[in-house]
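> Structure file query35.cif (mmCIF, N, CA and C atoms) is given on the next line.
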data_final
#
loop_
_atom_site.label_atom_id
_atom_site.label_comp_id
_atom_site.auth_asym_id
_atom_site.auth_seq_id
_atom_site.Cartn_x
_atom_site.Cartn_y
_atom_site.Cartn_z
N MET K 2 -70.35 31.16 229.69
CA MET K 2 -69.58 32.37 229.76
C MET K 2 -68.17 31.99 230.24
N THR K 3 -67.18 32.58 229.63
CA THR K 3 -65.80 32.26 229.97
C THR K 3 -65.38 33.00 231.24
N ALA K 4 -64.78 32.24 232.14
CA ALA K 4 -64.32 32.81 233.41
C ALA K 4 -62.94 33.42 233.23
N PRO K 5 -62.71 34.58 233.84
CA PRO K 5 -61.34 35.14 233.81
C PRO K 5 -60.41 34.25 234.64
N ARG K 6 -59.13 34.41 234.43
CA ARG K 6 -58.13 33.58 235.10
C ARG K 6 -58.28 33.62 236.62
N TRP K 7 -58.52 34.81 237.20
CA TRP K 7 -58.62 34.91 238.66
C TRP K 7 -59.80 34.11 239.19
N LEU K 8 -60.92 34.08 238.44
CA LEU K 8 -62.08 33.31 238.88
C LEU K 8 -61.80 31.81 238.76
N ARG K 9 -61.13 31.42 237.68
CA ARG K 9 -60.76 30.01 237.53
C ARG K 9 -59.85 29.57 238.68
N ASN K 10 -58.88 30.39 239.03
CA ASN K 10 -57.98 30.06 240.14
C ASN K 10 -58.75 30.00 241.46
N ALA K 11 -59.68 30.92 241.66
CA ALA K 11 -60.49 30.91 242.88
C ALA K 11 -61.35 29.64 242.93
N MET K 12 -61.89 29.25 241.80
CA MET K 12 -62.70 28.02 241.76
C MET K 12 -61.85 26.79 242.06
N LEU K 13 -60.65 26.75 241.52
CA LEU K 13 -59.76 25.61 241.81
C LEU K 13 -59.38 25.56 243.28
N ALA K 14 -59.08 26.73 243.85
CA ALA K 14 -58.71 26.78 245.26
C ALA K 14 -59.88 26.37 246.15
N THR K 15 -61.07 26.83 245.82
CA THR K 15 -62.22 26.48 246.66
C THR K 15 -62.63 25.02 246.44
N ALA K 16 -62.30 24.45 245.29
CA ALA K 16 -62.54 23.02 245.09
C ALA K 16 -61.71 22.21 246.07
N VAL K 17 -60.45 22.59 246.23
CA VAL K 17 -59.58 21.91 247.19
C VAL K 17 -60.08 22.13 248.61
N MET K 18 -60.46 23.37 248.92
CA MET K 18 -60.97 23.68 250.24
C MET K 18 -62.22 22.87 250.55
N ASN K 19 -63.14 22.79 249.60
CA ASN K 19 -64.37 22.04 249.83
C ASN K 19 -64.11 20.54 249.96
N ALA K 20 -63.17 20.03 249.19
CA ALA K 20 -62.85 18.60 249.32
C ALA K 20 -62.34 18.31 250.73
N GLY K 21 -61.51 19.20 251.25
CA GLY K 21 -61.04 19.04 252.62
C GLY K 21 -62.16 19.18 253.64
N ALA K 22 -63.07 20.11 253.39
CA ALA K 22 -64.21 20.30 254.30
C ALA K 22 -65.14 19.09 254.26
N ALA K 23 -65.27 18.47 253.10
CA ALA K 23 -66.11 17.26 253.01
C ALA K 23 -65.55 16.19 253.94
N LEU K 24 -64.24 16.06 254.00
CA LEU K 24 -63.62 15.10 254.92
C LEU K 24 -63.93 15.47 256.37
N LEU K 25 -63.94 16.76 256.66
CA LEU K 25 -64.22 17.24 258.01
C LEU K 25 -65.61 16.83 258.47
N PHE K 26 -66.56 16.76 257.53
CA PHE K 26 -67.94 16.44 257.89
C PHE K 26 -68.25 14.94 257.87
N LEU K 27 -67.28 14.12 257.51
CA LEU K 27 -67.52 12.68 257.57
C LEU K 27 -67.76 12.26 259.03
N PRO K 28 -68.64 11.30 259.25
CA PRO K 28 -68.95 10.91 260.63
C PRO K 28 -67.73 10.56 261.48
N ALA K 29 -66.71 9.97 260.89
CA ALA K 29 -65.53 9.54 261.65
C ALA K 29 -64.60 10.70 262.02
N ALA K 30 -64.86 11.90 261.52
CA ALA K 30 -63.96 13.03 261.73
C ALA K 30 -64.33 13.87 262.94
N SER K 31 -64.90 13.28 263.93
CA SER K 31 -65.33 14.00 265.13
C SER K 31 -64.22 14.85 265.75
N PRO K 32 -63.00 14.33 265.92
CA PRO K 32 -61.94 15.16 266.51
C PRO K 32 -61.60 16.39 265.66
N LEU K 33 -61.65 16.24 264.33
CA LEU K 33 -61.36 17.38 263.46
C LEU K 33 -62.44 18.45 263.55
N ARG K 34 -63.71 18.01 263.64
CA ARG K 34 -64.79 18.99 263.80
C ARG K 34 -64.63 19.75 265.10
N ALA K 35 -64.28 19.05 266.16
CA ALA K 35 -64.07 19.71 267.46
C ALA K 35 -62.93 20.72 267.37
N LEU K 36 -61.88 20.35 266.68
CA LEU K 36 -60.74 21.26 266.50
C LEU K 36 -61.15 22.51 265.72
N ALA K 37 -62.06 22.35 264.76
CA ALA K 37 -62.53 23.48 263.95
C ALA K 37 -63.58 24.31 264.65
N GLY K 38 -63.98 23.89 265.86
CA GLY K 38 -64.98 24.66 266.60
C GLY K 38 -66.41 24.26 266.28
N LEU K 39 -66.57 23.18 265.54
CA LEU K 39 -67.91 22.68 265.20
C LEU K 39 -68.31 21.60 266.19
N PRO K 40 -69.60 21.34 266.32
CA PRO K 40 -70.02 20.24 267.20
C PRO K 40 -69.38 18.92 266.74
N ALA K 41 -68.79 18.21 267.68
CA ALA K 41 -68.07 16.98 267.34
C ALA K 41 -69.02 15.87 266.94
N ASP K 42 -70.16 15.81 267.57
CA ASP K 42 -71.08 14.69 267.32
C ASP K 42 -72.40 15.18 266.73
N ALA K 43 -72.89 14.41 265.80
CA ALA K 43 -74.20 14.61 265.18
C ALA K 43 -74.56 13.27 264.55
N PRO K 44 -75.84 13.07 264.26
CA PRO K 44 -76.20 11.81 263.62
C PRO K 44 -75.44 11.61 262.31
N ALA K 45 -74.97 10.39 262.10
CA ALA K 45 -74.13 10.08 260.93
C ALA K 45 -74.82 10.42 259.61
N VAL K 46 -76.12 10.22 259.53
CA VAL K 46 -76.82 10.50 258.27
C VAL K 46 -76.75 11.99 257.92
N TYR K 47 -76.82 12.86 258.92
CA TYR K 47 -76.73 14.30 258.67
C TYR K 47 -75.31 14.70 258.26
N LEU K 48 -74.35 14.15 258.96
CA LEU K 48 -72.96 14.45 258.63
C LEU K 48 -72.61 13.96 257.22
N ALA K 49 -73.03 12.75 256.89
CA ALA K 49 -72.74 12.21 255.55
C ALA K 49 -73.44 13.03 254.47
N THR K 50 -74.64 13.51 254.75
CA THR K 50 -75.36 14.33 253.78
C THR K 50 -74.65 15.65 253.55
N VAL K 51 -74.21 16.29 254.62
CA VAL K 51 -73.46 17.54 254.48
C VAL K 51 -72.17 17.29 253.72
N ALA K 52 -71.45 16.23 254.07
CA ALA K 52 -70.20 15.90 253.37
C ALA K 52 -70.45 15.69 251.88
N LEU K 53 -71.54 15.00 251.55
CA LEU K 53 -71.87 14.76 250.14
C LEU K 53 -72.10 16.06 249.39
N PHE K 54 -72.89 16.97 249.95
CA PHE K 54 -73.19 18.21 249.26
C PHE K 54 -71.96 19.11 249.15
N VAL K 55 -71.13 19.13 250.17
CA VAL K 55 -69.90 19.91 250.11
C VAL K 55 -68.98 19.34 249.02
N LEU K 56 -68.92 18.02 248.92
CA LEU K 56 -68.10 17.39 247.89
C LEU K 56 -68.67 17.61 246.49
N LEU K 57 -69.99 17.59 246.35
CA LEU K 57 -70.60 17.86 245.05
C LEU K 57 -70.28 19.28 244.58
N PHE K 58 -70.32 20.24 245.50
CA PHE K 58 -69.93 21.60 245.12
C PHE K 58 -68.46 21.66 244.76
N ALA K 59 -67.62 20.89 245.45
CA ALA K 59 -66.20 20.84 245.10
C ALA K 59 -66.04 20.38 243.65
N ALA K 60 -66.83 19.40 243.24
CA ALA K 60 -66.77 18.93 241.86
C ALA K 60 -67.19 20.04 240.89
N GLY K 61 -68.21 20.79 241.25
CA GLY K 61 -68.64 21.92 240.41
C GLY K 61 -67.56 22.99 240.32
N TYR K 62 -66.93 23.30 241.43
CA TYR K 62 -65.85 24.29 241.42
C TYR K 62 -64.69 23.81 240.56
N LEU K 63 -64.37 22.53 240.69
CA LEU K 63 -63.29 21.96 239.88
C LEU K 63 -63.62 22.06 238.39
N TYR K 64 -64.86 21.76 238.04
CA TYR K 64 -65.29 21.84 236.64
C TYR K 64 -65.10 23.26 236.09
N VAL K 65 -65.56 24.26 236.84
CA VAL K 65 -65.43 25.64 236.38
C VAL K 65 -63.95 26.03 236.29
N GLY K 66 -63.17 25.63 237.27
CA GLY K 66 -61.75 25.96 237.26
C GLY K 66 -61.01 25.34 236.10
N VAL K 67 -61.35 24.10 235.76
CA VAL K 67 -60.65 23.40 234.68
C VAL K 67 -61.13 23.84 233.31
N THR K 68 -62.45 23.95 233.14
CA THR K 68 -63.01 24.27 231.81
C THR K 68 -63.07 25.76 231.54
N GLY K 69 -63.17 26.56 232.58
CA GLY K 69 -63.32 28.00 232.39
C GLY K 69 -64.74 28.40 232.06
N HIS K 70 -65.67 27.46 232.08
CA HIS K 70 -67.08 27.78 231.80
C HIS K 70 -67.77 28.14 233.11
N ALA K 71 -68.06 29.43 233.29
CA ALA K 71 -68.68 29.92 234.51
C ALA K 71 -70.13 30.26 234.25
N ASP K 72 -71.02 29.41 234.67
CA ASP K 72 -72.45 29.68 234.56
C ASP K 72 -72.84 30.63 235.70
N PRO K 73 -73.47 31.76 235.37
CA PRO K 73 -73.83 32.71 236.43
C PRO K 73 -74.72 32.10 237.52
N LEU K 74 -75.58 31.17 237.16
CA LEU K 74 -76.42 30.54 238.18
C LEU K 74 -75.57 29.76 239.17
N PHE K 75 -74.61 28.98 238.68
CA PHE K 75 -73.75 28.22 239.58
C PHE K 75 -72.90 29.16 240.44
N VAL K 76 -72.35 30.19 239.84
CA VAL K 76 -71.52 31.13 240.61
C VAL K 76 -72.39 31.84 241.65
N GLY K 77 -73.62 32.17 241.29
CA GLY K 77 -74.53 32.80 242.25
C GLY K 77 -74.88 31.88 243.41
N LEU K 78 -75.18 30.62 243.10
CA LEU K 78 -75.46 29.65 244.16
C LEU K 78 -74.23 29.44 245.04
N SER K 79 -73.07 29.46 244.41
CA SER K 79 -71.82 29.31 245.16
C SER K 79 -71.62 30.47 246.12
N ALA K 80 -71.81 31.68 245.63
CA ALA K 80 -71.67 32.87 246.48
C ALA K 80 -72.68 32.83 247.62
N ALA K 81 -73.92 32.53 247.28
CA ALA K 81 -74.97 32.48 248.31
C ALA K 81 -74.68 31.40 249.34
N GLY K 82 -74.23 30.25 248.89
CA GLY K 82 -73.94 29.16 249.81
C GLY K 82 -72.79 29.48 250.74
N LYS K 83 -71.72 30.03 250.20
CA LYS K 83 -70.55 30.33 251.02
C LYS K 83 -70.86 31.45 252.02
N LEU K 84 -71.50 32.51 251.55
CA LEU K 84 -71.82 33.62 252.45
C LEU K 84 -72.86 33.21 253.49
N SER K 85 -73.81 32.38 253.11
CA SER K 85 -74.83 31.89 254.05
C SER K 85 -74.20 31.00 255.12
N PHE K 86 -73.26 30.15 254.71
CA PHE K 86 -72.59 29.26 255.67
C PHE K 86 -71.84 30.08 256.73
N VAL K 87 -71.12 31.09 256.29
CA VAL K 87 -70.39 31.94 257.23
C VAL K 87 -71.37 32.67 258.15
N THR K 88 -72.45 33.18 257.58
CA THR K 88 -73.47 33.87 258.37
C THR K 88 -74.07 32.96 259.43
N LEU K 89 -74.39 31.72 259.04
CA LEU K 89 -74.92 30.76 260.02
C LEU K 89 -73.92 30.51 261.15
N LEU K 90 -72.66 30.32 260.80
CA LEU K 90 -71.66 30.06 261.84
C LEU K 90 -71.51 31.25 262.77
N VAL K 91 -71.53 32.46 262.24
CA VAL K 91 -71.44 33.65 263.09
C VAL K 91 -72.66 33.73 264.02
N CYS K 92 -73.84 33.48 263.47
CA CYS K 92 -75.06 33.52 264.30
C CYS K 92 -75.01 32.48 265.41
N PHE K 93 -74.57 31.27 265.07
CA PHE K 93 -74.46 30.23 266.09
C PHE K 93 -73.36 30.54 267.10
N ALA K 94 -72.31 31.18 266.67
CA ALA K 94 -71.25 31.58 267.61
C ALA K 94 -71.76 32.65 268.56
N VAL K 95 -72.51 33.62 268.03
CA VAL K 95 -73.09 34.66 268.88
C VAL K 95 -74.02 34.03 269.92
N ALA K 96 -74.77 33.02 269.50
CA ALA K 96 -75.71 32.35 270.41
C ALA K 96 -75.01 31.40 271.37
N GLY K 97 -73.72 31.18 271.17
CA GLY K 97 -72.97 30.29 272.04
C GLY K 97 -73.11 28.81 271.70
N ALA K 98 -73.67 28.51 270.54
CA ALA K 98 -73.88 27.12 270.15
C ALA K 98 -72.64 26.49 269.52
N VAL K 99 -71.75 27.32 268.98
CA VAL K 99 -70.47 26.84 268.45
C VAL K 99 -69.37 27.79 268.91
N SER K 100 -68.17 27.30 268.89
CA SER K 100 -67.02 28.12 269.24
C SER K 100 -66.78 29.17 268.16
N TRP K 101 -66.15 30.27 268.54
CA TRP K 101 -65.78 31.30 267.56
C TRP K 101 -64.74 30.78 266.57
N ARG K 102 -64.12 29.65 266.88
CA ARG K 102 -63.21 29.02 265.92
C ARG K 102 -63.95 28.61 264.65
N ALA K 103 -65.22 28.28 264.76
CA ALA K 103 -65.99 27.82 263.59
C ALA K 103 -66.07 28.90 262.51
N PRO K 104 -66.55 30.12 262.82
CA PRO K 104 -66.56 31.13 261.76
C PRO K 104 -65.15 31.52 261.30
N LEU K 105 -64.18 31.47 262.21
CA LEU K 105 -62.81 31.77 261.79
C LEU K 105 -62.29 30.70 260.82
N THR K 106 -62.64 29.46 261.09
CA THR K 106 -62.25 28.37 260.20
C THR K 106 -62.88 28.56 258.82
N ALA K 107 -64.07 29.14 258.79
CA ALA K 107 -64.79 29.34 257.53
C ALA K 107 -64.47 30.68 256.87
N SER K 108 -63.42 31.36 257.31
CA SER K 108 -63.11 32.67 256.72
C SER K 108 -62.77 32.56 255.23
N GLY K 109 -62.25 31.42 254.81
CA GLY K 109 -62.01 31.21 253.37
C GLY K 109 -63.31 31.25 252.59
N ASP K 110 -64.38 30.72 253.17
CA ASP K 110 -65.68 30.78 252.51
C ASP K 110 -66.14 32.22 252.33
N LEU K 111 -65.87 33.05 253.32
CA LEU K 111 -66.21 34.47 253.21
C LEU K 111 -65.46 35.12 252.05
N VAL K 112 -64.17 34.85 251.96
CA VAL K 112 -63.36 35.43 250.88
C VAL K 112 -63.87 34.96 249.52
N PHE K 113 -64.06 33.66 249.36
CA PHE K 113 -64.52 33.15 248.07
C PHE K 113 -65.93 33.62 247.75
N GLY K 114 -66.79 33.68 248.76
CA GLY K 114 -68.15 34.17 248.52
C GLY K 114 -68.15 35.59 248.00
N VAL K 115 -67.31 36.44 248.58
CA VAL K 115 -67.21 37.83 248.12
C VAL K 115 -66.63 37.89 246.71
N LEU K 116 -65.62 37.07 246.42
CA LEU K 116 -65.05 37.04 245.06
C LEU K 116 -66.08 36.61 244.03
N PHE K 117 -66.86 35.59 244.35
CA PHE K 117 -67.88 35.11 243.42
C PHE K 117 -68.95 36.18 243.22
N LEU K 118 -69.33 36.85 244.30
CA LEU K 118 -70.32 37.93 244.20
C LEU K 118 -69.77 39.08 243.37
N ARG K 119 -68.50 39.37 243.53
CA ARG K 119 -67.85 40.42 242.74
C ARG K 119 -67.95 40.12 241.25
N TRP K 120 -67.67 38.86 240.88
CA TRP K 120 -67.74 38.49 239.47
C TRP K 120 -69.17 38.62 238.95
N LEU K 121 -70.14 38.23 239.77
CA LEU K 121 -71.54 38.34 239.35
C LEU K 121 -71.94 39.78 239.11
N CYS K 122 -71.47 40.68 239.98
CA CYS K 122 -71.87 42.09 239.90
C CYS K 122 -71.09 42.87 238.85
N TYR K 123 -69.80 42.54 238.69
CA TYR K 123 -68.95 43.37 237.84
C TYR K 123 -68.27 42.62 236.69
N GLY K 124 -68.53 41.32 236.59
CA GLY K 124 -67.88 40.53 235.54
C GLY K 124 -68.46 40.80 234.17
N PRO K 125 -67.93 40.09 233.18
CA PRO K 125 -68.39 40.29 231.81
C PRO K 125 -69.86 39.89 231.66
N ARG K 126 -70.52 40.57 230.78
CA ARG K 126 -71.94 40.30 230.50
C ARG K 126 -72.06 39.56 229.17
N PRO K 127 -73.07 38.66 229.07
CA PRO K 127 -73.25 37.97 227.80
C PRO K 127 -73.65 38.94 226.70
N SER K 128 -73.29 38.60 225.48
CA SER K 128 -73.58 39.49 224.34
C SER K 128 -75.04 39.43 223.96
#
What does this structure look like when you write it as structure tokens?


Amino acid sequence: MTAPRWLRNAMLATAVMNAGAALLFLPAASPLRALAGLPADAPAVYLATVALFVLLFAAGYLYVGVTGHADPLFVGLSAAGKLSFVTLLVCFAVAGAVSWRAPLTASGDLVFGVLFLRWLCYGPRPS
């Protein structure tokens, strides 16, 4: 299904955002995680795994942004992932496990998650 220009632009922007976030989750980026309100230290294997998955999604966003081919399943997983990530950070902030800077840092994920959900609910339908 062809993505409208606004969705392609959103996918390109979130590809850049995710690529930057992947760097944030690299094991060596402890000071950056602390600055973002996330726990500075965690086992390297977990951090590298998170960085890998965030980067893989960045590649998917880049593909949709460049080609304009928006698969509803991918857009749905993207919306669910972004909104779930923000929800987790808010829950952990409420519990005092992370700083409130963490969900604020992830506010872009909230915006993109809502945009992706909007396209799923109101975008063009296949013939």

> Hey, can you check how far CA of Phe58 in chain K sits from CA of Ser79 in chain K?

7.9 Å

> Set the distance at 8 Å and use all atoms listed in the file: which residues neighbour Ala14 in chain K once local chain neighbours fewer than 6 positions away are removed? I'd like the list as a PyMOL selection string.

chain K and resi 8+20+62-63+66

> Mind listing the alpha helix (DSSP H) residues of range 8-97 of chain K, per DSSP on the backbone, as number ranges by chain?

K: 8-25, 31-36, 45-68, 73-95

> Go through K:Leu36, K:Leu48, K:Ala29, K:Val65 one by one, measure the shortest atom-to-atom distance of each to Leu13 in chain K using only N, CA and C atoms, and give the residue with the smallest value.

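Nearest to Leu13 in chain K: K:Val65.
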
> When distances are computed from all atoms listed in the file, which of K:Ala49, K:Pro73, K:Gly38, K:Val67 shows the smallest separation from Val99 in chain K?

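The answer is K:Gly38, which sits nearest to Val99 in chain K.
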
> Please identify all polymer residues within 8 Å of Pro5 in chain K, counting all atoms listed in the file, omitting same-chain residues fewer than 6 positions from it, and present them as an MDAnalysis selection string.

chainID K and resid 11 69:71 125

> Would you write out those residues with N, CA and C atoms, as a PDB file, in the frame of the given file?


ATOM      1  N   ALA K  11     -59.680  30.920 241.660  1.00  0.00           N
ATOM      2  CA  ALA K  11     -60.490  30.910 242.880  1.00  0.00           C
ATOM      3  C   ALA K  11     -61.350  29.640 242.930  1.00  0.00           C
ATOM      4  N   GLY K  69     -63.170  26.560 232.580  1.00  0.00           N
ATOM      5  CA  GLY K  69     -63.320  28.000 232.390  1.00  0.00           C
ATOM      6  C   GLY K  69     -64.740  28.400 232.060  1.00  0.00           C
ATOM      7  N   HIS K  70     -65.670  27.460 232.080  1.00  0.00           N
ATOM      8  CA  HIS K  70     -67.080  27.780 231.800  1.00  0.00           C
ATOM      9  C   HIS K  70     -67.770  28.140 233.110  1.00  0.00           C
ATOM     10  N   ALA K  71     -68.060  29.430 233.290  1.00  0.00           N
ATOM     11  CA  ALA K  71     -68.680  29.920 234.510  1.00  0.00           C
ATOM     12  C   ALA K  71     -70.130  30.260 234.250  1.00  0.00           C
ATOM     13  N   PRO K 125     -67.930  40.090 233.180  1.00  0.00           N
ATOM     14  CA  PRO K 125     -68.390  40.290 231.810  1.00  0.00           C
ATOM     15  C   PRO K 125     -69.860  39.890 231.660  1.00  0.00           C
TER      16      PRO K 125
END

> In Å to one decimal, how far is CA of Val112 in chain K from atom C of Pro28 in chain K?

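Those two atoms sit 27.4 Å apart.
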
> What is the distance, in Å and to one decimal place, between CA of Leu27 in chain K and CA of Thr68 in chain K?

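We find that CA of Leu27 in chain K and CA of Thr68 in chain K lie 28.6 Å from each other.
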
> For Arg9 in chain K, which residue among K:Ala96, K:Ala22, K:Val76, K:Val91 is the nearest when counting only C-alpha atoms?

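Among the listed residues, K:Val76 lies closest to Arg9 in chain K.
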
> Evaluated on this file, the PyMOL selection byres (((chain K and resi 89 and name CA) around 12) and name CA) picks out some residues - which ones are they, written as a list of chain:residue names?

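Those residues are K:Leu39, K:Ala81, K:Gly82, K:Lys83, K:Leu84, K:Ser85, K:Phe86, K:Val87, K:Thr88, K:Leu90, K:Val91, K:Cys92, K:Phe93, K:Ala94, K:Val95, K:Ala96, K:Ala98, K:Val99, K:Trp101, K:Ala103, K:Pro104, K:Ala107, K:Asp110, K:Leu111.
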
> So which residues touch Ala37 in chain K within 8 Å, counting only C-alpha atoms, skipping near sequence neighbours fewer than 4 positions away, as a list in words?

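Listed by chain and then number, they are Leu33, Arg102, Ala103 and Thr106 of chain K.
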
> Ranking K:Trp7, K:Phe26, K:Phe117, K:Tyr64 by minimum distance to Gly77 in chain K and counting all atoms listed in the file, which one comes first?

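Of the candidates, the smallest distance to Gly77 in chain K is held by K:Phe117.
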
> Between K:Met18, K:Val115, K:Ala45, K:Ala4, which residue has the minimum interatomic distance to Ser31 in chain K, considering only C-alpha atoms?

K:Ala45
